[in-house]
file model_30.txt (compact mmCIF, C-alpha atoms)
# COMPACT_ATOMS: atom_id res chain seq x y z
CA MET A 1 55.26 53.93 -42.02
CA ASN A 2 52.34 52.70 -39.91
CA PHE A 3 51.79 53.28 -36.20
CA ASN A 4 52.82 49.78 -35.12
CA MET A 5 56.15 50.10 -36.92
CA LEU A 6 56.79 53.40 -35.14
CA LYS A 7 56.08 51.73 -31.82
CA ILE A 8 58.56 48.93 -32.61
CA LEU A 9 61.27 51.40 -33.64
CA ALA A 10 60.69 53.44 -30.48
CA TYR A 11 60.92 50.31 -28.34
CA LEU A 12 64.16 49.21 -30.02
CA SER A 13 65.64 52.67 -29.57
CA LEU A 14 64.72 52.65 -25.87
CA LEU A 15 66.13 49.14 -25.48
CA LYS A 16 69.40 50.21 -27.09
CA LEU A 17 69.70 53.20 -24.75
CA THR A 18 68.89 50.99 -21.72
CA MET A 19 71.55 48.46 -22.68
CA LYS A 20 74.09 51.24 -23.22
CA PHE A 21 73.24 52.71 -19.80
CA GLU A 22 73.52 49.31 -18.09
CA ARG A 23 76.89 48.61 -19.70
CA GLY A 24 78.20 51.92 -18.43
CA THR A 25 76.74 51.37 -14.98
CA THR A 26 78.13 47.85 -14.61
CA SER A 27 81.59 49.08 -15.57
CA LYS A 28 81.31 51.84 -13.01
CA ALA A 29 80.11 49.37 -10.34
CA ARG A 30 82.98 47.00 -11.01
CA GLU A 31 85.54 49.86 -10.98
CA LYS A 32 84.24 51.17 -7.63
CA THR A 33 84.29 47.66 -6.18
CA ILE A 34 87.93 47.20 -7.17
CA GLN A 35 88.76 50.52 -5.51
CA TRP A 36 86.96 49.36 -2.33
CA VAL A 37 88.90 46.08 -2.33
CA GLU A 38 92.23 47.89 -2.76
CA ALA A 39 91.39 50.24 0.10
CA ASN A 40 90.36 47.49 2.53
CA PHE A 41 92.44 44.49 1.47
CA SER A 42 95.69 45.90 0.14
CA GLU A 43 97.54 42.71 1.13
CA PHE A 44 94.99 40.55 -0.68
CA LYS A 45 94.12 42.71 -3.68
CA ASP A 46 95.83 40.30 -6.09
CA LEU A 47 93.79 37.40 -4.70
CA ILE A 48 90.32 38.96 -5.02
CA THR A 49 88.34 39.45 -8.20
CA THR A 50 84.86 40.77 -8.87
CA GLY A 51 81.87 39.03 -10.37
CA LEU A 52 79.45 40.49 -12.89
CA PRO A 53 77.45 43.35 -11.31
CA GLU A 54 73.74 42.53 -11.11
CA TYR A 55 70.89 44.92 -10.40
CA ASP A 56 68.53 43.65 -7.70
CA ASP A 57 65.18 45.44 -7.80
CA ARG A 58 64.24 44.03 -4.38
CA PHE A 59 66.95 46.19 -2.79
CA ASP A 60 67.02 48.84 -5.55
CA ALA A 61 70.77 48.28 -5.61
CA TRP A 62 73.67 46.89 -7.63
CA ARG A 63 75.20 43.75 -6.14
CA ILE A 64 78.76 42.79 -6.99
CA SER A 65 80.16 39.48 -5.77
CA LEU A 66 83.71 39.09 -4.54
CA ASN A 67 85.52 35.90 -5.56
CA THR A 68 88.95 34.40 -4.99
CA LYS A 69 91.16 34.63 -8.07
CA ASN A 70 93.33 31.58 -7.80
CA SER A 71 90.72 29.07 -6.58
CA LYS A 72 87.61 27.78 -8.29
CA LEU A 73 86.14 31.27 -8.04
CA VAL A 74 84.84 30.71 -4.52
CA ASN A 75 82.44 33.45 -3.47
CA ILE A 76 83.80 35.23 -0.40
CA GLY A 77 81.34 38.11 -0.10
CA GLU A 78 79.66 40.98 -1.91
CA VAL A 79 79.23 44.73 -1.94
CA ARG A 80 76.15 46.78 -2.81
CA PHE A 81 75.87 50.20 -4.40
CA ASP A 82 72.81 52.38 -4.91
CA ARG A 83 71.04 52.57 -8.27
CA ASN A 84 73.41 55.20 -9.67
CA VAL A 85 76.53 53.61 -8.17
CA GLU A 86 77.25 56.74 -6.21
CA LYS A 87 76.99 55.35 -2.69
CA LEU A 88 78.20 52.14 -1.06
CA ILE A 89 75.19 50.92 0.91
CA ASP A 90 76.24 47.50 2.23
CA TYR A 91 79.01 44.90 2.20
CA THR A 92 80.01 41.58 3.76
CA ASN A 93 81.79 41.82 7.10
CA ILE A 94 85.45 42.63 6.38
CA ASP A 95 86.81 40.17 8.95
CA ILE A 96 84.75 37.36 7.38
CA ILE A 97 86.10 38.22 3.91
CA ARG A 98 89.66 38.08 5.31
CA GLU A 99 89.03 34.65 6.86
CA ARG A 100 87.60 33.34 3.58
CA VAL A 101 90.54 34.63 1.54
CA GLU A 102 92.96 32.95 3.94
CA LYS A 103 91.02 29.71 3.70
CA TYR A 104 90.85 29.55 -0.09
CA LYS A 105 93.95 31.42 -1.26
CA ASP A 106 95.95 28.21 -1.83
CA HIS A 107 93.19 26.33 -3.65
CA LYS A 108 94.37 26.15 -7.23
CA HIS A 109 91.96 26.47 -10.11
CA ASN A 110 92.38 24.29 -13.16
CA ASN A 111 91.30 26.44 -16.07
CA PRO A 112 89.46 24.58 -18.85
CA SER A 113 91.95 23.62 -21.54
CA ILE A 114 91.65 24.39 -25.23
CA LYS A 115 90.57 20.79 -25.63
CA ASP A 116 87.44 21.56 -23.57
CA LYS A 117 86.38 24.08 -26.21
CA LYS A 118 86.21 21.56 -29.01
CA LYS A 119 82.98 19.93 -30.08
CA LEU A 120 81.89 17.22 -27.66
CA SER A 121 82.22 13.74 -29.05
CA TYR A 122 79.15 11.69 -29.81
CA PRO A 123 78.14 9.84 -26.61
CA ALA A 124 78.16 6.07 -26.31
CA PRO A 125 75.80 4.80 -29.07
CA ILE A 126 73.39 2.91 -26.81
CA PRO A 127 70.20 1.77 -28.60
CA ASN A 128 66.77 1.76 -26.95
CA LYS A 129 66.78 -0.82 -24.15
CA ILE A 130 64.41 -2.30 -21.59
CA ILE A 131 66.26 -4.50 -19.10
CA TRP A 132 64.98 -6.89 -16.47
CA GLY A 133 67.59 -6.70 -13.75
CA ASP A 134 68.94 -4.92 -10.70
CA ALA A 135 69.99 -1.38 -11.71
CA ILE A 136 73.02 -1.57 -9.39
CA LYS A 137 74.38 -4.54 -11.33
CA VAL A 138 73.08 -3.60 -14.78
CA LEU A 139 74.63 -0.14 -14.85
CA GLU A 140 78.07 -1.58 -14.11
CA ASP A 141 78.06 -2.81 -17.72
CA PHE A 142 77.58 0.65 -19.24
CA PRO A 143 80.45 3.06 -19.98
CA PRO A 144 80.70 6.72 -18.96
CA ASP A 145 78.78 9.13 -21.16
CA SER A 146 76.03 6.56 -21.82
CA ALA A 147 73.09 8.68 -20.56
CA GLN A 148 72.40 12.39 -20.95
CA LEU A 149 69.42 12.58 -18.59
CA VAL A 150 68.32 10.49 -15.62
CA PHE A 151 64.68 10.81 -14.61
CA THR A 152 63.22 8.42 -12.11
CA SER A 153 60.99 7.87 -9.13
CA PRO A 154 62.50 5.46 -6.57
CA PRO A 155 60.42 2.65 -5.08
CA TYR A 156 58.40 3.65 -2.03
CA TYR A 157 59.87 2.83 1.35
CA ASN A 158 57.59 0.10 2.75
CA ALA A 159 54.56 2.19 1.88
CA LYS A 160 52.93 -0.41 -0.34
CA PRO A 161 53.64 -4.07 0.50
CA GLU A 162 53.08 -5.18 -3.08
CA TYR A 163 55.73 -2.74 -4.33
CA SER A 164 58.85 -3.01 -2.17
CA GLU A 165 60.04 -3.97 1.30
CA TYR A 166 63.26 -3.14 3.16
CA VAL A 167 64.57 -4.29 6.52
CA ASP A 168 64.81 -0.71 7.75
CA TYR A 169 65.05 2.84 6.50
CA GLN A 170 68.85 2.85 6.45
CA GLU A 171 68.89 -0.18 4.16
CA TYR A 172 66.53 1.69 1.85
CA LEU A 173 68.81 4.75 1.76
CA ASP A 174 71.88 2.55 1.15
CA PHE A 175 70.07 0.97 -1.77
CA LEU A 176 69.25 4.38 -3.27
CA ARG A 177 72.85 5.54 -2.76
CA LYS A 178 74.21 2.61 -4.76
CA VAL A 179 71.83 3.29 -7.64
CA ILE A 180 72.62 7.02 -7.60
CA VAL A 181 76.38 6.32 -7.71
CA ARG A 182 75.86 4.05 -10.74
CA CYS A 183 73.78 6.76 -12.44
CA HIS A 184 76.55 9.29 -11.80
CA ASN A 185 79.08 6.95 -13.43
CA VAL A 186 77.15 6.65 -16.70
CA LEU A 187 75.79 10.22 -16.91
CA SER A 188 77.52 12.70 -19.22
CA GLU A 189 79.43 15.57 -17.63
CA GLY A 190 77.28 18.49 -16.55
CA ARG A 191 74.00 16.74 -17.35
CA PHE A 192 70.97 16.32 -15.10
CA LEU A 193 69.61 13.73 -12.69
CA ILE A 194 66.00 14.39 -11.71
CA ILE A 195 64.13 12.51 -9.01
CA ASN A 196 60.42 12.50 -8.27
CA ILE A 197 60.04 11.91 -4.53
CA SER A 198 57.67 12.73 -1.69
CA PRO A 199 57.40 12.06 2.04
CA VAL A 200 56.22 8.55 2.82
CA LEU A 201 53.45 7.93 5.30
CA VAL A 202 54.10 4.88 7.46
CA LYS A 203 50.78 3.82 8.94
CA ARG A 204 50.38 3.32 12.67
CA THR A 205 50.61 -0.21 14.02
CA SER A 206 47.79 0.18 16.57
CA ARG A 207 45.34 2.69 17.97
CA ASN A 208 47.91 3.60 20.62
CA THR A 209 50.68 4.46 18.18
CA ALA A 210 51.01 7.35 15.76
CA SER A 211 51.58 7.23 12.04
CA LYS A 212 54.87 8.63 10.82
CA ARG A 213 55.88 10.69 7.82
CA ILE A 214 59.43 10.20 6.60
CA PRO A 215 60.89 13.18 4.65
CA ILE A 216 62.89 11.13 2.16
CA GLN A 217 63.61 14.15 -0.03
CA PHE A 218 65.77 15.75 2.69
CA ASP A 219 67.74 12.57 3.36
CA LEU A 220 68.45 12.24 -0.36
CA HIS A 221 70.36 15.52 -0.60
CA PRO A 222 73.53 14.45 1.29
CA ILE A 223 73.54 11.21 -0.70
CA LEU A 224 73.36 13.08 -4.00
CA ASP A 225 75.92 15.65 -2.88
CA LYS A 226 78.47 13.00 -1.88
CA ALA A 227 77.83 11.10 -5.11
CA GLY A 228 78.93 14.17 -7.10
CA PHE A 229 75.73 16.09 -7.87
CA ASP A 230 74.96 19.78 -7.33
CA PHE A 231 71.45 20.84 -6.30
CA ILE A 232 69.77 23.03 -8.93
CA ASP A 233 66.02 23.25 -8.24
CA ASP A 234 63.10 21.84 -6.32
CA ILE A 235 60.03 21.75 -8.52
CA HIS A 236 56.65 20.91 -7.04
CA TRP A 237 54.27 18.65 -8.90
CA VAL A 238 50.84 19.99 -7.92
CA LYS A 239 47.93 17.57 -8.15
CA PRO A 240 44.25 18.56 -8.22
CA GLU A 241 42.72 19.46 -4.85
CA GLY A 242 41.57 16.34 -3.05
CA ALA A 243 43.95 14.02 -4.89
CA GLY A 244 45.51 12.87 -1.61
CA TRP A 245 42.28 12.50 0.35
CA ASN A 246 42.30 8.71 -0.05
CA LEU A 247 45.36 8.56 2.25
CA GLY A 248 43.13 9.50 5.16
CA ARG A 249 45.36 12.37 6.26
CA GLY A 250 43.36 15.27 7.69
CA ARG A 251 40.04 13.45 8.08
CA ARG A 252 40.10 13.50 11.87
CA PHE A 253 40.71 17.24 11.96
CA ARG A 254 37.85 17.78 9.55
CA ALA A 255 35.57 15.98 11.99
CA ASP A 256 36.90 17.29 15.35
CA ARG A 257 38.54 20.65 14.45
CA GLN A 258 40.83 20.36 17.47
CA PRO A 259 44.10 22.33 17.60
CA LEU A 260 47.27 20.24 17.24
CA GLN A 261 45.41 17.69 15.11
CA TYR A 262 45.62 19.74 11.92
CA LYS A 263 47.20 17.84 9.03
CA PRO A 264 46.86 19.16 5.48
CA VAL A 265 46.05 16.76 2.67
CA PRO A 266 49.24 16.41 0.55
CA VAL A 267 48.68 17.32 -3.09
CA THR A 268 52.30 17.95 -4.08
CA GLU A 269 55.38 15.87 -4.79
CA TYR A 270 58.97 17.01 -5.25
CA ILE A 271 60.77 16.99 -8.58
CA LEU A 272 64.37 17.41 -7.39
CA VAL A 273 66.76 18.68 -10.06
CA TYR A 274 70.48 17.91 -9.67
CA ARG A 275 73.38 18.38 -12.07
CA LYS A 276 76.45 16.17 -12.33
CA ARG A 277 79.20 18.27 -10.77
CA SER A 278 81.43 20.08 -13.25
CA ASP A 279 83.60 23.20 -13.29
CA LYS A 280 81.99 24.08 -16.62
CA LEU A 281 78.88 26.23 -16.95
CA ILE A 282 75.61 24.73 -18.15
CA ASP A 283 75.94 26.37 -21.56
CA TRP A 284 79.18 24.40 -22.16
CA ASN A 285 76.94 21.49 -23.14
CA ILE A 286 75.04 23.81 -25.47
CA ARG A 287 77.94 25.62 -27.13
CA TYR A 288 80.07 22.53 -27.76
CA HIS A 289 77.34 19.98 -28.42
CA TYR A 290 78.37 17.51 -31.12
CA ASP A 291 75.45 18.59 -33.38
CA SER A 292 74.36 22.24 -33.33
CA ASN A 293 71.31 21.37 -35.45
CA LEU A 294 69.97 19.13 -32.68
CA VAL A 295 70.46 21.95 -30.19
CA GLU A 296 68.47 24.29 -32.42
CA GLN A 297 65.70 21.73 -32.93
CA SER A 298 65.46 21.16 -29.17
CA LYS A 299 64.69 24.80 -28.32
CA ILE A 300 61.70 25.39 -26.04
CA LEU A 301 59.08 27.05 -28.21
CA GLY A 302 55.66 28.33 -27.19
CA ASP A 303 54.40 28.27 -23.62
CA TYR A 304 56.57 26.98 -20.81
CA ASP A 305 56.42 26.63 -17.01
CA ILE A 306 57.56 29.93 -15.55
CA THR A 307 57.48 28.92 -11.87
CA ASN A 308 58.44 25.78 -9.99
CA LEU A 309 54.78 24.84 -9.51
CA TRP A 310 53.73 22.32 -12.15
CA PRO A 311 50.02 21.43 -12.09
CA VAL A 312 49.71 17.92 -13.52
CA HIS A 313 46.95 15.35 -13.10
CA PRO A 314 48.17 12.03 -11.64
CA SER A 315 47.93 8.82 -13.64
CA THR A 316 46.86 5.30 -12.74
CA ASN A 317 47.72 1.81 -13.90
CA LYS A 318 46.02 -1.49 -13.02
CA ILE A 319 49.35 -3.30 -12.70
CA HIS A 320 51.77 -0.68 -11.38
CA PRO A 321 50.80 1.20 -8.17
CA ALA A 322 52.81 4.38 -8.82
CA THR A 323 53.07 5.60 -12.39
CA PHE A 324 54.43 8.79 -13.92
CA PRO A 325 51.89 11.01 -15.70
CA GLU A 326 53.02 11.39 -19.31
CA GLU A 327 52.69 15.18 -19.05
CA LEU A 328 55.17 15.27 -16.18
CA VAL A 329 57.71 13.18 -18.09
CA ARG A 330 57.22 15.32 -21.17
CA LYS A 331 58.04 18.49 -19.23
CA VAL A 332 61.22 17.04 -17.73
CA ILE A 333 62.50 15.66 -21.04
CA ARG A 334 61.63 18.91 -22.80
CA TYR A 335 63.51 21.12 -20.34
CA TYR A 336 66.53 18.95 -19.55
CA SER A 337 67.58 17.11 -22.71
CA PHE A 338 68.28 17.44 -26.41
CA ILE A 339 66.86 15.42 -29.27
CA ASP A 340 68.79 12.12 -29.64
CA ASP A 341 69.86 12.11 -25.97
CA LEU A 342 69.52 8.88 -24.03
CA VAL A 343 67.12 9.08 -21.07
CA LEU A 344 67.77 6.64 -18.23
CA ASP A 345 65.20 5.45 -15.69
CA PRO A 346 66.76 2.89 -13.31
CA PHE A 347 63.31 2.12 -11.88
CA GLY A 348 61.42 1.71 -15.15
CA GLY A 349 58.07 0.68 -13.70
CA SER A 350 55.30 0.91 -16.26
CA GLY A 351 57.63 2.38 -18.92
CA THR A 352 56.21 5.90 -19.22
CA VAL A 353 59.69 7.42 -19.56
CA ALA A 354 60.43 5.14 -22.53
CA LYS A 355 57.13 5.92 -24.25
CA VAL A 356 57.50 9.69 -23.92
CA ALA A 357 61.22 9.65 -24.78
CA TYR A 358 60.43 7.79 -28.01
CA GLU A 359 57.66 10.25 -28.88
CA MET A 360 60.09 13.15 -28.30
CA ASN A 361 62.86 11.66 -30.45
CA ARG A 362 65.07 10.64 -27.57
CA ARG A 363 66.57 7.21 -26.89
CA PHE A 364 65.75 5.36 -23.68
CA LEU A 365 67.24 2.91 -21.20
CA LEU A 366 64.87 1.54 -18.58
CA ILE A 367 65.68 -1.04 -15.90
CA ASP A 368 63.43 -2.82 -13.43
CA GLN A 369 64.00 -5.84 -11.24
CA GLU A 370 60.34 -6.87 -11.21
CA LYS A 371 59.49 -9.31 -13.98
CA THR A 372 55.87 -8.12 -13.98
CA TYR A 373 56.92 -4.57 -14.80
CA PHE A 374 59.45 -5.74 -17.40
CA GLU A 375 56.67 -7.65 -19.19
CA LEU A 376 54.33 -4.65 -18.81
CA MET A 377 56.87 -2.33 -20.44
CA LYS A 378 57.57 -4.80 -23.22
CA GLU A 379 53.91 -5.31 -24.01
CA SER A 380 52.96 -1.61 -23.93
CA LEU A 381 55.95 -0.42 -25.98
CA GLN A 382 55.53 -3.07 -28.67
CA LYS A 383 52.06 -1.65 -29.28
CA ILE A 384 53.29 1.87 -30.04
CA ILE A 385 56.82 1.47 -31.43
CA PRO A 386 57.06 0.17 -35.02
CA SER A 387 58.82 -3.15 -35.52
CA ASP A 388 61.52 -1.54 -37.66
CA VAL A 389 62.64 0.64 -34.70
CA ARG A 390 65.26 -1.13 -32.63
CA VAL A 391 64.35 -1.82 -29.02
CA ASP A 392 66.33 -4.44 -27.08
CA TYR A 393 64.41 -6.32 -24.40
CA ASP A 394 67.24 -7.80 -22.34
CA ILE A 395 67.44 -9.95 -19.24
CA HIS A 396 70.48 -9.41 -17.05
CA GLU A 397 72.58 -12.51 -16.45
CA GLU A 398 71.68 -12.82 -12.76
CA PHE A 399 67.98 -12.95 -13.70
CA LEU A 400 68.24 -15.53 -16.48
CA ASN A 401 67.21 -18.43 -14.25
CA LYS A 402 64.39 -16.63 -12.48
call {"tool": "encode", "arguments": {"input": "model_30.txt", "output": "C-alpha cells"}}
result
Amino acid sequence: MNFNMLKILAYLSLLKLTMKFERGTTSKAREKTIQWVEANFSEFKDLITTGLPEYDDRFDAWRISLNTKNSKLVNIGEVRFDRNVEKLIDYTNIDIIRERVEKYKDHKHNNPSIKDKKKLSYPAPIPNKIIWGDAIKVLEDFPPDSAQLVFTSPPYYNAKPEYSEYVDYQEYLDFLRKVIVRCHNVLSEGRFLIINISPVLVKRTSRNTASKRIPIQFDLHPILDKAGFDFIDDIHWVKPEGAGWNLGRGRRFRADRQPLQYKPVPVTEYILVYRKRSDKLIDWNIRYHYDSNLVEQSKILGDYDITNLWPVHPSTNKIHPATFPEELVRKVIRYYSFIDDLVLDPFGGSGTVAKVAYEMNRRFLLIDQEKTYFELMKESLQKIIPSDVRVDYDIHEEFLNK
C-alpha cells in the first residue's frame, strides 16, 4: 500500500469520526434546546419545534432555530450553545418569542401531499420561439409551467432616447410590474427569475441642476415580492476597471479633488436572483424532476463561481445599445436551469439568451416589441442554428399591421 493510499484512508477515517461526533453533538444540542423550551414555555411547548442545529464558526457556537409547529415553520427565535453543548450562551428575548408564538399559533400549515412526491410532469412543450410583440400581451397566451427560467434585463428608464421612453418613473415601474406578473404566471413552481439591473443616471438638464441616479434595483424588490417571488441572492457583475468612465461620473473629482464631490466610477451591475414562491424546498425540483438523467447531465462540473462577484467583460452591438455578454448568460443558465428547460427573456434585445440557451441544450422564448431587434435576433440566430432545428419567428396579432 503506497503512501498516498494511506493518506486517503486516514482522511476517510477522520471524516467518519468527525461525522459521528457531529451527529452526536447535534442530537445533544436539539435535546437541550427542547429542555430549555419546556422550562420557559410550558404553555407553548406543543407549539414550538426546533430546527437543525448548525455550528457557526464565527461565534464558535451551535445555533438552533425555534419554529412554530402548526404554521409554515415560521422562525420565532434561536438559542446558542457553546462548542461542546455544555453551556447556553445566548437566546432570543423570551417575551419576543412569546409574542411571535401568539401571532403565528393559528396559522395552519398545509403539508405537501403524497401527490407532491411523484415525478413532476413534463412542462408545456413550447418549441424555440422569437416573438415580435409586447411581452405583457404575448405572455397571456402561454399556459402555466411554460418556462423554467426567466433571465432578462429590462429596458433602461429614459437613459438612452433611442432605446425607451416613459412619461415618468412610476409609469416605468408599472410597466415592469405587469411584465413580472406575466412571467410569474408562466414560470414553473419553485423556479428562478433573474434580473440584470443597475442604477440609472439621469443627466442634468442645465448647469444649474444636478444629475440624478435612480436605484431601480431597490424599487424592484417590493414589486417582485408582491408578484410572488422570494429574494435569494444579489450577484454583482464586475466589469474591468474603467469600463464606466465614458459615463463621465467622477471626472470632476479627479480634476478638483474637493470633498463632497467624490463619485466612484460604476463598474458593477446587479444580477438579482428571485425564486417563484413555494412551500417546497429547492431540491424538490431536483428530486422529483421528470427526467433524472437530465438532472445528472446538468450537474456543475469543474470550476464555478464561489462568491457573488462575477468578473465578466461587457459586450457591444452596433444595433442594440445594451447587450448581454455571452459569458454572463452562460453562467446564469448553467447555475439555474436543467438541460431541456425553456429559458424566457421578455426583453429579447439582440438575442444573446436564445443563442446561449441553444448552445447549452435549452429551449428559448424571447419577446421584443421593437421590430429592429426582432429582425436582428432572427438574422443572427438563422446563421448559427441549423435549418432542421425548429425555431418559430412569430409576430403577435397586435403587431401584424405595423
call {"tool": "atom_distance", "arguments": {"input": "model_30.txt", "atom1": "atom CA of Leu376 of chain A", "atom2": "atom CA of Ser350 of chain A"}}
result
6.2 Å
call {"tool": "closest_atom_pairs", "arguments": {"input": "model_30.txt", "of": "segment 45-141 of chain A", "to": "segment 379-400 of chain A", "cutoff": "8 Å", "atoms": "all atoms listed in the file", "output": "Markdown table"}}
result
| residue | atom | partner | partner_atom | distance |
| --- | --- | --- | --- | --- |
| A:Pro127 | CA | A:Val391 | CA | 6.9 |
| A:Asn128 | CA | A:Val391 | CA | 4.8 |
| A:Lys129 | CA | A:Asp392 | CA | 4.7 |
| A:Ile130 | CA | A:Tyr393 | CA | 4.9 |
| A:Ile131 | CA | A:Asp394 | CA | 4.7 |
| A:Trp132 | CA | A:Ile395 | CA | 4.8 |
| A:Gly133 | CA | A:His396 | CA | 5.2 |
| A:Asp134 | CA | A:His396 | CA | 7.9 |
| A:Val138 | CA | A:His396 | CA | 6.8 |
call {"tool": "closest_residue", "arguments": {"input": "model_30.txt", "among": "A:Ala61, A:Leu193, A:Leu139, A:Ile214", "to": "Tyr157 of chain A", "atoms": "only C-alpha atoms"}}
result
A:Ile214
call {"tool": "residues_around", "arguments": {"input": "model_30.txt", "residues": "segment 94-100 of chain A", "least_positions_apart": "4", "cutoff": "8 Å", "atoms": "all atoms listed in the file", "output": "list in words"}}
result
Asn40, Phe41, Ile76, Gly77 and Tyr104 of chain A
call {"tool": "residues_near_point", "arguments": {"input": "model_30.txt", "point": "(52.7, 14.4, -17.5)", "cutoff": "12 Å", "atoms": "only C-alpha atoms", "output": "CSV table (one decimal) with C-alpha atoms, in the coordinates of the input"}}
result
chain,number,residue,atom,x,y,z
A,237,TRP,CA,54.3,18.6,-8.9
A,238,VAL,CA,50.8,20.0,-7.9
A,239,LYS,CA,47.9,17.6,-8.2
A,310,TRP,CA,53.7,22.3,-12.2
A,311,PRO,CA,50.0,21.4,-12.1
A,312,VAL,CA,49.7,17.9,-13.5
A,313,HIS,CA,47.0,15.4,-13.1
A,314,PRO,CA,48.2,12.0,-11.6
A,315,SER,CA,47.9,8.8,-13.6
A,316,THR,CA,46.9,5.3,-12.7
A,323,THR,CA,53.1,5.6,-12.4
A,324,PHE,CA,54.4,8.8,-13.9
A,325,PRO,CA,51.9,11.0,-15.7
A,326,GLU,CA,53.0,11.4,-19.3
A,327,GLU,CA,52.7,15.2,-19.0
A,328,LEU,CA,55.2,15.3,-16.2
A,329,VAL,CA,57.7,13.2,-18.1
A,330,ARG,CA,57.2,15.3,-21.2
A,331,LYS,CA,58.0,18.5,-19.2
A,332,VAL,CA,61.2,17.0,-17.7
A,333,ILE,CA,62.5,15.7,-21.0
A,334,ARG,CA,61.6,18.9,-22.8
A,352,THR,CA,56.2,5.9,-19.2
A,353,VAL,CA,59.7,7.4,-19.6
A,355,LYS,CA,57.1,5.9,-24.2
A,356,VAL,CA,57.5,9.7,-23.9
call {"tool": "axis_aligned_box", "arguments": {"input": "model_30.txt", "around": "segment 343-356 of chain A", "padding_each_side": "3 Å", "output": "lines of an AutoDock Vina configuration file"}}
result
center_x = 61.5
center_y = 5.2
center_z = -18.1
size_x = 18.5
size_y = 15.0
size_z = 18.4
call {"tool": "closest_residue", "arguments": {"input": "model_30.txt", "among": "A:Ile64, A:Leu176, A:Ala357, A:Leu201", "to": "Thr92 of chain A", "atoms": "only C-alpha atoms"}}
result
A:Ile64
call {"tool": "atom_distance", "arguments": {"input": "model_30.txt", "atom1": "atom CA of Val167 of chain A", "atom2": "atom CA of Ile367 of chain A"}}
result
22.7 Å
call {"tool": "residues_around", "arguments": {"input": "model_30.txt", "residues": "Lys212 of chain A", "least_positions_apart": "4", "cutoff": "10 Å", "atoms": "all atoms listed in the file", "output": "PyMOL selection string"}}
result
chain A and resi 199-204
call {"tool": "atom_distance", "arguments": {"input": "model_30.txt", "atom1": "atom CA of Leu224 of chain A", "atom2": "atom CA of Asp174 of chain A"}}
result
11.8 Å
call {"tool": "closest_residue", "arguments": {"input": "model_30.txt", "among": "A:Leu47, A:Ala135, A:Leu187, A:Leu365", "to": "Ser278 of chain A", "atoms": "all atoms listed in the file"}}
result
A:Leu187
call {"tool": "residues_around", "arguments": {"input": "model_30.txt", "residues": "Trp284 of chain A", "least_positions_apart": "2", "cutoff": "12 Å", "atoms": "all atoms listed in the file", "output": "PDB file with C-alpha atoms, in the frame of the given file"}}
result
ATOM      1  CA  PRO A 112      89.460  24.580 -18.850  1.00  0.00           C
ATOM      2  CA  ASP A 116      87.440  21.560 -23.570  1.00  0.00           C
ATOM      3  CA  LYS A 117      86.380  24.080 -26.210  1.00  0.00           C
ATOM      4  CA  LYS A 118      86.210  21.560 -29.010  1.00  0.00           C
ATOM      5  CA  LYS A 119      82.980  19.930 -30.080  1.00  0.00           C
ATOM      6  CA  LEU A 120      81.890  17.220 -27.660  1.00  0.00           C
ATOM      7  CA  GLU A 189      79.430  15.570 -17.630  1.00  0.00           C
ATOM      8  CA  GLY A 190      77.280  18.490 -16.550  1.00  0.00           C
ATOM      9  CA  ARG A 191      74.000  16.740 -17.350  1.00  0.00           C
ATOM     10  CA  SER A 278      81.430  20.080 -13.250  1.00  0.00           C
ATOM     11  CA  ASP A 279      83.600  23.200 -13.290  1.00  0.00           C
ATOM     12  CA  LYS A 280      81.990  24.080 -16.620  1.00  0.00           C
ATOM     13  CA  LEU A 281      78.880  26.230 -16.950  1.00  0.00           C
ATOM     14  CA  ILE A 282      75.610  24.730 -18.150  1.00  0.00           C
ATOM     15  CA  ILE A 286      75.040  23.810 -25.470  1.00  0.00           C
ATOM     16  CA  ARG A 287      77.940  25.620 -27.130  1.00  0.00           C
ATOM     17  CA  TYR A 288      80.070  22.530 -27.760  1.00  0.00           C
ATOM     18  CA  HIS A 289      77.340  19.980 -28.420  1.00  0.00           C
ATOM     19  CA  TYR A 290      78.370  17.510 -31.120  1.00  0.00           C
TER      20      TYR A 290
END
call {"tool": "closest_residue", "arguments": {"input": "model_30.txt", "among": "A:Asp56, A:Lys105, A:Leu66, A:Gln170", "to": "Arg83 of chain A", "atoms": "only C-alpha atoms"}}
result
A:Asp56
call {"tool": "closest_residue", "arguments": {"input": "model_30.txt", "among": "A:Asp219, A:Asp82, A:Asp106, A:Glu140", "to": "Arg58 of chain A", "atoms": "only C-alpha atoms"}}
result
A:Asp82
call {"tool": "closest_residue", "arguments": {"input": "model_30.txt", "among": "A:Gly348, A:Arg275, A:Ile194, A:Thr33", "to": "Gln369 of chain A", "atoms": "only C-alpha atoms"}}
result
A:Gly348
call {"tool": "residues_around", "arguments": {"input": "model_30.txt", "residues": "Ile195 of chain A", "least_positions_apart": "4", "cutoff": "6 Å", "atoms": "all atoms listed in the file", "output": "count of residues only"}}
result
5
